[in-house]
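All remarks here apply to the structure that follows.
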Amino acid sequence: MLPVAVGAAEVAQAADLITHADTASPGTEPAAVPPASPAADTPLITSAPMLQNYAATSIGIAFAVSDMANGFVDIGLREDLSDARRVKCGGYRMTDIDDHVIQVRITDLEPATTYYYRIGADRIAYKGGYNMNIVGTETDQHIHHFTTAGKDARAHFCVINDTHVRWVPFGRAIDKIAELSPSCVIWNGDASNVEETIEAQQRIFLKPEIERRDYASQIPYLLCPGNHDSRGMANRHLERVWMYRQPEERLSRYWDLGRNFAVRMGDIALIGLDTAEDKLDTNPKFAGLFNSAAYREAQTAWLRDALQQKEIAHAPYLVALCHIPLFDANPKHNPGDVAPNDSDPRYSTDFAMWQRTCANLWGPLLEKAHCQLVITAHQHRYRYDAPTEQRHWAQIVGGGPEMGESDGKKNKKLFPTVIEGEVRDNQLVITIHNLVTGKVQEKLTFDKRKEKKRRNDKGKENKRRNEGKG
Ligand SMILES: [Fe+2]
């Protein structure tokens with residue numbers, strides 16, 4: 001398959017390819033049928049679909065709309081959709097009418113399987129109570145496809161981070177990803193700056209101002225939120241644009257951990273963690289309105305369980321991702337645990353440059369699981385931290401959005417990255433692409449996890465399976 005996104009010109013043509021089928025709902029009183037609103041002349045579907053939350057048996061599909069709408073996805077195994085089923089937005093009981101973003105969750109998929117789909121939406125005229133009608137339906141004639149995760153999926157991922165709504169570096173990252181054609185992309189935080197409106201969030205994820213506006217229509221994305229992704233009133237409900245992961249992926253006691261993921265893709269297990277804010281909950285700037293400490297603790301219990309899930313425990317390669325680094329050798333870098341207000345003259349910033357609390361909580365579990373690599377972000381400067389005697393996992397810090405200069409001064413150390421991971425010749429090969437030079441910055445290889453340990457884990461896992469779900 002060739003999941004290369006089409007360009008802006010082709011997306012613009014989508015308006016011509018969308019069918020406008022005016023339909024009257026049967027069985028309605030004539031008086032209840034409102035005239036089509038003037039807005040009906042404008043396209044209802046205003047973005048390409050975005051594949052969210054890459055998984056083995058489910059996928060989220062989101063797209064933007066311009067008016068009150070009820071969206072749907074036709075999905076099947078055949079390229080012409082002759083076997084397609086229609087899945088509507090929302091859950092049980094009623095559909096999820098929305099005038100900004102349609103979110104359709106597809107479940108009951110087969111692992112490592114290619115599906116074809118197209119999106120559509122009904123325009124809704126709602127006047128109150130039962131006075132509501134469908135006054136038109138648009139169906140996007142583009143048929144896209146994607147492949148689910150799983151043990152037999154192609155082990156090939158890309159990571160982007162700290163895109164911060166800067167279109168030039170983001171566009172370059174998306175072009176590089178189209179060229180590399182991975183199975184999935186992890187957006188490792190700070191997609192946002194401070195977002196106060198859903199329109200601003202739509203612009204970031206669904207209507208980016210880049211050439212390949214359908215960048216996520218065929219390559220599924222995963223999200224590890226960064227500290228900026230919780231800033232601004234709109235970002236307090238990021239799930240209105242990027243839905244939480246499918247609840248059945250986790251035990252009910254982790255019901256609120258909708259951003260964490262443990263996904264098997266070929267020989268790689270991907271673990272997604274959320275380091276949360278870069279300031280303490282006690283910092284007066286936060287006015288008591290953040291709760292990162294409890295969130296990190298809860299993720300520790302989730303991580304312990306996730307690492308023992310069969311497909312994760314047996315994956316030859318274990319890669320964890322989180323936004324804020326879990327290690328930093330620079331003594332001037334604030335470790336994020338300076339109570340109460342993150343300020344200390346020893347450190348160069350009054351916010352966390354790395355996350356010692358998360359390292360203490362999660363580090364031992366990752367060590368025990370023989371995790372080979374933690375991919376992080378946040379510092380806007382690419383760095384590789386090789387494993388040591390005390391810390392057996394390596395760490396990569398992805399670059400930021402600065403294109404070779406800062407405050408008008410040239411600086412070759414400032415470049416955005418696409419971090420590519422692929423299993424080749426019995427090794428995990430990590431390639432760091434420099435988006436300023438267009439060249440490979442560094443190439444790293446990792447051997448398989450220790451077999452002995454994984455065999456030991458098998459016994460515990462069997463015990464666990466007897467006790468219930470992982
Ligand atoms: Fe950050």
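Residues in the structure tokens are numbered from 1 in each chain, the chains being A, B, ... in the order shown, and ligands are numbered from 1 in the order shown.
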
Using only C-alpha atoms and all ligand atoms, which protein or nucleic acid residues are at most 10 Å from ligand 1, as a PDB file with N, CA and C atoms, in the first residue's frame?
```pdb
ATOM      1  N   ASN A 161       7.338  15.829  17.150  1.00  0.00           N
ATOM      2  CA  ASN A 161       7.107  16.445  18.468  1.00  0.00           C
ATOM      3  C   ASN A 161       7.324  17.943  18.392  1.00  0.00           C
ATOM      4  N   ASP A 162       6.751  18.648  19.369  1.00  0.00           N
ATOM      5  CA  ASP A 162       6.960  20.093  19.506  1.00  0.00           C
ATOM      6  C   ASP A 162       6.739  20.843  18.186  1.00  0.00           C
ATOM      7  N   THR A 163       5.646  20.528  17.543  1.00  0.00           N
ATOM      8  CA  THR A 163       5.343  21.195  16.277  1.00  0.00           C
ATOM      9  C   THR A 163       4.801  22.605  16.505  1.00  0.00           C
ATOM     10  N   HIS A 164       4.144  22.844  17.634  1.00  0.00           N
ATOM     11  CA  HIS A 164       3.798  24.199  18.094  1.00  0.00           C
ATOM     12  C   HIS A 164       3.147  25.089  17.030  1.00  0.00           C
ATOM     13  N   ASN A 188       4.421  13.277  19.608  1.00  0.00           N
ATOM     14  CA  ASN A 188       4.926  13.198  20.976  1.00  0.00           C
ATOM     15  C   ASN A 188       4.857  14.543  21.702  1.00  0.00           C
ATOM     16  N   GLY A 189       3.718  15.165  21.624  1.00  0.00           N
ATOM     17  CA  GLY A 189       3.427  16.317  22.469  1.00  0.00           C
ATOM     18  C   GLY A 189       3.780  17.683  21.930  1.00  0.00           C
ATOM     19  N   ASP A 190       3.122  18.669  22.549  1.00  0.00           N
ATOM     20  CA  ASP A 190       3.238  20.074  22.176  1.00  0.00           C
ATOM     21  C   ASP A 190       2.900  20.321  20.705  1.00  0.00           C
ATOM     22  N   ALA A 191       1.784  19.722  20.297  1.00  0.00           N
ATOM     23  CA  ALA A 191       1.176  20.101  19.024  1.00  0.00           C
ATOM     24  C   ALA A 191       0.633  21.522  19.167  1.00  0.00           C
ATOM     25  N   SER A 192       0.220  21.863  20.394  1.00  0.00           N
ATOM     26  CA  SER A 192      -0.434  23.145  20.690  1.00  0.00           C
ATOM     27  C   SER A 192       0.557  24.175  21.199  1.00  0.00           C
ATOM     28  N   ASN A 193       0.031  25.405  21.340  1.00  0.00           N
ATOM     29  CA  ASN A 193       0.691  26.423  22.169  1.00  0.00           C
ATOM     30  C   ASN A 193      -0.208  26.621  23.384  1.00  0.00           C
ATOM     31  N   PRO A 225       0.406  13.437  24.878  1.00  0.00           N
ATOM     32  CA  PRO A 225       0.270  14.887  25.062  1.00  0.00           C
ATOM     33  C   PRO A 225       1.516  15.505  25.706  1.00  0.00           C
ATOM     34  N   GLY A 226       1.774  16.751  25.345  1.00  0.00           N
ATOM     35  CA  GLY A 226       2.837  17.525  25.978  1.00  0.00           C
ATOM     36  C   GLY A 226       2.240  18.528  26.940  1.00  0.00           C
ATOM     37  N   ASN A 227       3.093  19.252  27.637  1.00  0.00           N
ATOM     38  CA  ASN A 227       2.610  20.231  28.612  1.00  0.00           C
ATOM     39  C   ASN A 227       1.739  21.307  27.959  1.00  0.00           C
ATOM     40  N   HIS A 228       2.072  21.712  26.737  1.00  0.00           N
ATOM     41  CA  HIS A 228       1.252  22.735  26.073  1.00  0.00           C
ATOM     42  C   HIS A 228      -0.119  22.215  25.645  1.00  0.00           C
ATOM     43  N   ASP A 229      -0.246  20.913  25.532  1.00  0.00           N
ATOM     44  CA  ASP A 229      -1.520  20.359  25.067  1.00  0.00           C
ATOM     45  C   ASP A 229      -2.599  20.360  26.144  1.00  0.00           C
ATOM     46  N   THR A 275       3.648  12.725  30.539  1.00  0.00           N
ATOM     47  CA  THR A 275       4.391  13.358  31.643  1.00  0.00           C
ATOM     48  C   THR A 275       3.648  14.569  32.214  1.00  0.00           C
ATOM     49  N   ALA A 276       2.575  14.983  31.536  1.00  0.00           N
ATOM     50  CA  ALA A 276       1.691  16.065  31.999  1.00  0.00           C
ATOM     51  C   ALA A 276       2.405  17.421  32.027  1.00  0.00           C
ATOM     52  N   GLU A 277       2.002  18.291  32.960  1.00  0.00           N
ATOM     53  CA  GLU A 277       2.511  19.675  32.953  1.00  0.00           C
ATOM     54  C   GLU A 277       3.996  19.742  33.332  1.00  0.00           C
ATOM     55  N   ASP A 278       4.620  20.863  32.980  1.00  0.00           N
ATOM     56  CA  ASP A 278       6.037  21.013  33.320  1.00  0.00           C
ATOM     57  C   ASP A 278       6.224  21.880  34.567  1.00  0.00           C
ATOM     58  N   HIS A 323       6.507  12.965  26.531  1.00  0.00           N
ATOM     59  CA  HIS A 323       6.949  14.274  26.048  1.00  0.00           C
ATOM     60  C   HIS A 323       8.182  14.805  26.789  1.00  0.00           C
ATOM     61  N   ILE A 324       8.116  14.857  28.093  1.00  0.00           N
ATOM     62  CA  ILE A 324       9.224  15.442  28.869  1.00  0.00           C
ATOM     63  C   ILE A 324      10.268  14.357  29.144  1.00  0.00           C
ATOM     64  N   PRO A 325      11.552  14.650  28.935  1.00  0.00           N
ATOM     65  CA  PRO A 325      12.591  13.632  29.133  1.00  0.00           C
ATOM     66  C   PRO A 325      12.575  13.034  30.533  1.00  0.00           C
ATOM     67  N   ALA A 352      10.028  22.466  34.433  1.00  0.00           N
ATOM     68  CA  ALA A 352      10.785  21.216  34.288  1.00  0.00           C
ATOM     69  C   ALA A 352      11.429  21.098  32.917  1.00  0.00           C
ATOM     70  N   MET A 353      12.739  20.863  32.899  1.00  0.00           N
ATOM     71  CA  MET A 353      13.408  20.503  31.645  1.00  0.00           C
ATOM     72  C   MET A 353      13.369  18.985  31.484  1.00  0.00           C
ATOM     73  N   TRP A 354      13.311  18.294  32.631  1.00  0.00           N
ATOM     74  CA  TRP A 354      13.113  16.853  32.588  1.00  0.00           C
ATOM     75  C   TRP A 354      12.245  16.464  33.774  1.00  0.00           C
ATOM     76  N   THR A 376      11.615  10.985  23.734  1.00  0.00           N
ATOM     77  CA  THR A 376      11.016  12.134  24.410  1.00  0.00           C
ATOM     78  C   THR A 376      11.125  13.386  23.531  1.00  0.00           C
ATOM     79  N   ALA A 377      10.842  14.538  24.131  1.00  0.00           N
ATOM     80  CA  ALA A 377      10.761  15.778  23.349  1.00  0.00           C
ATOM     81  C   ALA A 377      11.031  16.965  24.284  1.00  0.00           C
ATOM     82  N   HIS A 378      10.296  18.059  24.110  1.00  0.00           N
ATOM     83  CA  HIS A 378      10.196  19.151  25.088  1.00  0.00           C
ATOM     84  C   HIS A 378      11.344  20.157  25.086  1.00  0.00           C
ATOM     85  N   GLN A 379      12.575  19.722  24.904  1.00  0.00           N
ATOM     86  CA  GLN A 379      13.712  20.639  25.055  1.00  0.00           C
ATOM     87  C   GLN A 379      14.080  21.369  23.764  1.00  0.00           C
ATOM     88  N   HIS A 380      13.434  21.024  22.667  1.00  0.00           N
ATOM     89  CA  HIS A 380      13.649  21.671  21.370  1.00  0.00           C
ATOM     90  C   HIS A 380      15.090  21.552  20.892  1.00  0.00           C
ATOM     91  N   GLY A 400      13.157  20.590  18.177  1.00  0.00           N
ATOM     92  CA  GLY A 400      11.992  21.489  18.239  1.00  0.00           C
ATOM     93  C   GLY A 400      11.685  22.102  16.891  1.00  0.00           C
TER      94      GLY A 400
END
```

Can you check which residues of segment 110-329 of chain A DSSP gives as strand (DSSP E) on the backbone and send them as a VMD selection string? chain A and resid 114 to 128 131 to 139 144 to 147 156 to 160 184 to 187 221 to 223 261 to 265 268 to 272 317 to 321

Nearest residue to Gly171 of chain A from the set A:Tyr117, A:Leu238, A:Arg424, A:Pro401 (distances using only C-alpha atoms):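 When distances to Gly171 of chain A are compared using only C-alpha atoms, the smallest one comes from A:Pro401.
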
Excluding Trp242 of chain A and its own-chain neighbours fewer than 6 positions away, which residues fall within 12 Å of it when counting only C-alpha atoms? Please give them as a ChimeraX atom specification. /A:49-53,59-64,101-105,187,191,198,201-202,204-206,221-225,229,234-236,258-259

Store the residues picked out above, limited to N, CA and C atoms, as a tab-separated table (two decimals), in the first residue's frame.
```tsv
chain	number	residue	atom	x	y	z
A	49	PRO	N	-10.34	13.31	6.50
A	49	PRO	CA	-10.41	12.53	7.75
A	49	PRO	C	-9.03	12.36	8.38
A	50	MET	N	-9.03	12.29	9.72
A	50	MET	CA	-7.80	12.01	10.46
A	50	MET	C	-7.97	10.70	11.22
A	51	LEU	N	-7.03	9.77	11.02
A	51	LEU	CA	-7.05	8.48	11.72
A	51	LEU	C	-6.38	8.65	13.08
A	52	GLN	N	-7.15	8.43	14.13
A	52	GLN	CA	-6.64	8.64	15.49
A	52	GLN	C	-6.59	7.33	16.27
A	53	ASN	N	-5.58	7.22	17.11
A	53	ASN	CA	-5.48	6.11	18.07
A	53	ASN	C	-5.29	4.75	17.39
A	59	ILE	N	-10.24	1.90	15.51
A	59	ILE	CA	-9.62	3.13	15.00
A	59	ILE	C	-10.61	4.28	15.24
A	60	GLY	N	-10.10	5.46	15.44
A	60	GLY	CA	-10.94	6.65	15.52
A	60	GLY	C	-10.79	7.44	14.23
A	61	ILE	N	-11.91	7.91	13.70
A	61	ILE	CA	-11.84	8.73	12.48
A	61	ILE	C	-12.54	10.06	12.78
A	62	ALA	N	-11.80	11.17	12.64
A	62	ALA	CA	-12.34	12.49	12.94
A	62	ALA	C	-12.25	13.38	11.70
A	63	PHE	N	-13.22	14.27	11.55
A	63	PHE	CA	-13.14	15.27	10.47
A	63	PHE	C	-13.94	16.50	10.86
A	64	ALA	N	-13.62	17.61	10.22
A	64	ALA	CA	-14.27	18.88	10.55
A	64	ALA	C	-15.52	19.09	9.71
A	101	VAL	N	-16.66	19.16	14.97
A	101	VAL	CA	-15.85	17.96	14.70
A	101	VAL	C	-16.72	16.71	14.81
A	102	ILE	N	-16.63	15.87	13.79
A	102	ILE	CA	-17.30	14.57	13.83
A	102	ILE	C	-16.26	13.53	14.24
A	103	GLN	N	-16.64	12.69	15.18
A	103	GLN	CA	-15.74	11.62	15.62
A	103	GLN	C	-16.48	10.29	15.50
A	104	VAL	N	-15.91	9.40	14.73
A	104	VAL	CA	-16.51	8.08	14.54
A	104	VAL	C	-15.52	7.04	15.04
A	105	ARG	N	-15.99	6.21	15.93
A	105	ARG	CA	-15.12	5.16	16.47
A	105	ARG	C	-15.49	3.83	15.83
A	187	TRP	N	2.63	11.39	17.70
A	187	TRP	CA	2.79	12.84	17.88
A	187	TRP	C	3.16	13.00	19.36
A	191	ALA	N	1.78	19.72	20.30
A	191	ALA	CA	1.18	20.10	19.02
A	191	ALA	C	0.63	21.52	19.17
A	198	ILE	N	-12.13	25.79	19.99
A	198	ILE	CA	-12.13	24.54	19.24
A	198	ILE	C	-11.69	24.78	17.79
A	201	GLN	N	-8.06	24.38	17.71
A	201	GLN	CA	-7.68	22.96	17.76
A	201	GLN	C	-7.94	22.26	16.42
A	202	GLN	N	-9.06	22.64	15.77
A	202	GLN	CA	-9.36	22.09	14.44
A	202	GLN	C	-8.23	22.41	13.48
A	204	ILE	N	-5.12	22.91	14.08
A	204	ILE	CA	-3.90	22.14	14.35
A	204	ILE	C	-4.01	20.72	13.80
A	205	PHE	N	-5.11	20.05	14.12
A	205	PHE	CA	-5.17	18.62	13.83
A	205	PHE	C	-5.92	18.27	12.54
A	206	LEU	N	-6.94	19.07	12.21
A	206	LEU	CA	-7.77	18.69	11.07
A	206	LEU	C	-7.60	19.60	9.85
A	221	TYR	N	-2.46	7.92	13.55
A	221	TYR	CA	-1.66	8.66	14.52
A	221	TYR	C	-1.95	8.19	15.95
A	222	LEU	N	-0.94	8.37	16.81
A	222	LEU	CA	-1.09	8.17	18.26
A	222	LEU	C	-0.64	9.46	18.92
A	223	LEU	N	-1.20	9.74	20.09
A	223	LEU	CA	-0.88	11.00	20.77
A	223	LEU	C	-0.31	10.75	22.16
A	224	CYS	N	0.87	11.34	22.40
A	224	CYS	CA	1.39	11.49	23.76
A	224	CYS	C	1.33	12.98	24.06
A	225	PRO	N	0.41	13.44	24.88
A	225	PRO	CA	0.27	14.89	25.06
A	225	PRO	C	1.52	15.51	25.71
A	229	ASP	N	-0.25	20.91	25.53
A	229	ASP	CA	-1.52	20.36	25.07
A	229	ASP	C	-2.60	20.36	26.14
A	234	ALA	N	-9.74	25.49	25.77
A	234	ALA	CA	-10.13	24.45	24.81
A	234	ALA	C	-9.34	23.17	25.05
A	235	ASN	N	-8.07	23.32	25.40
A	235	ASN	CA	-7.24	22.12	25.59
A	235	ASN	C	-7.62	21.33	26.83
A	236	ARG	N	-8.43	21.94	27.71
A	236	ARG	CA	-8.96	21.15	28.83
A	236	ARG	C	-9.90	20.08	28.32
A	258	GLY	N	-7.21	7.71	29.23
A	258	GLY	CA	-7.55	7.55	27.82
A	258	GLY	C	-6.47	7.95	26.84
A	259	ARG	N	-5.36	8.48	27.34
A	259	ARG	CA	-4.27	8.85	26.44
A	259	ARG	C	-3.15	7.82	26.42
```

Taking only C-alpha atoms into account, which of A:Ala359, A:Ala155, A:Ile419, A:Ala315 comes nearest Lys448 of chain A? A:Ala315

Tell me which protein, DNA and RNA residues are within 12 Å of Gln390 of chain A, counting only C-alpha atoms, leaving out same-chain ones fewer than 6 positions away, and put them as a ChimeraX atom specification. /A:327,363-364,367

Once you have the residues from the selection above, write them out as an mmCIF file, in the first residue's frame, restricted to C-alpha atoms.
```
data_model
loop_
_atom_site.group_PDB
_atom_site.id
_atom_site.type_symbol
_atom_site.label_atom_id
_atom_site.label_comp_id
_atom_site.auth_asym_id
_atom_site.auth_seq_id
_atom_site.Cartn_x
_atom_site.Cartn_y
_atom_site.Cartn_z
ATOM 1 C CA PHE A 327 16.809 11.743 32.199
ATOM 2 C CA GLY A 363 12.058 4.064 35.233
ATOM 3 C CA PRO A 364 12.273 0.905 37.414
ATOM 4 C CA GLU A 367 14.288 -1.286 33.453
#
```

Return as number ranges by chain the full set of residues in segment 140-320 of chain A whose backbone-based DSSP assignment is helix (DSSP H, G or I). A: 167-180, 198-205, 227-230, 234-240, 247-249, 252-254, 284-286, 292-306, 310-313

Please, what distance in Å, to one decimal, runs between atom CA of Glu239 of chain A and atom CA of Thr95 of chain A?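 Value for the atom CA of Glu239 of chain A-atom CA of Thr95 of chain A distance: 16.8 Å.
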
Identify, on the basis of only C-alpha atoms, every residue whose closest approach to Ala269 of chain A does not exceed 8 Å; exclude the query and any residue fewer than 3 positions from it along the same chain; express the result as JSON, numbers by chain. {"A": [262, 263, 264, 265, 266, 311, 312, 315, 316, 317, 318, 319]}
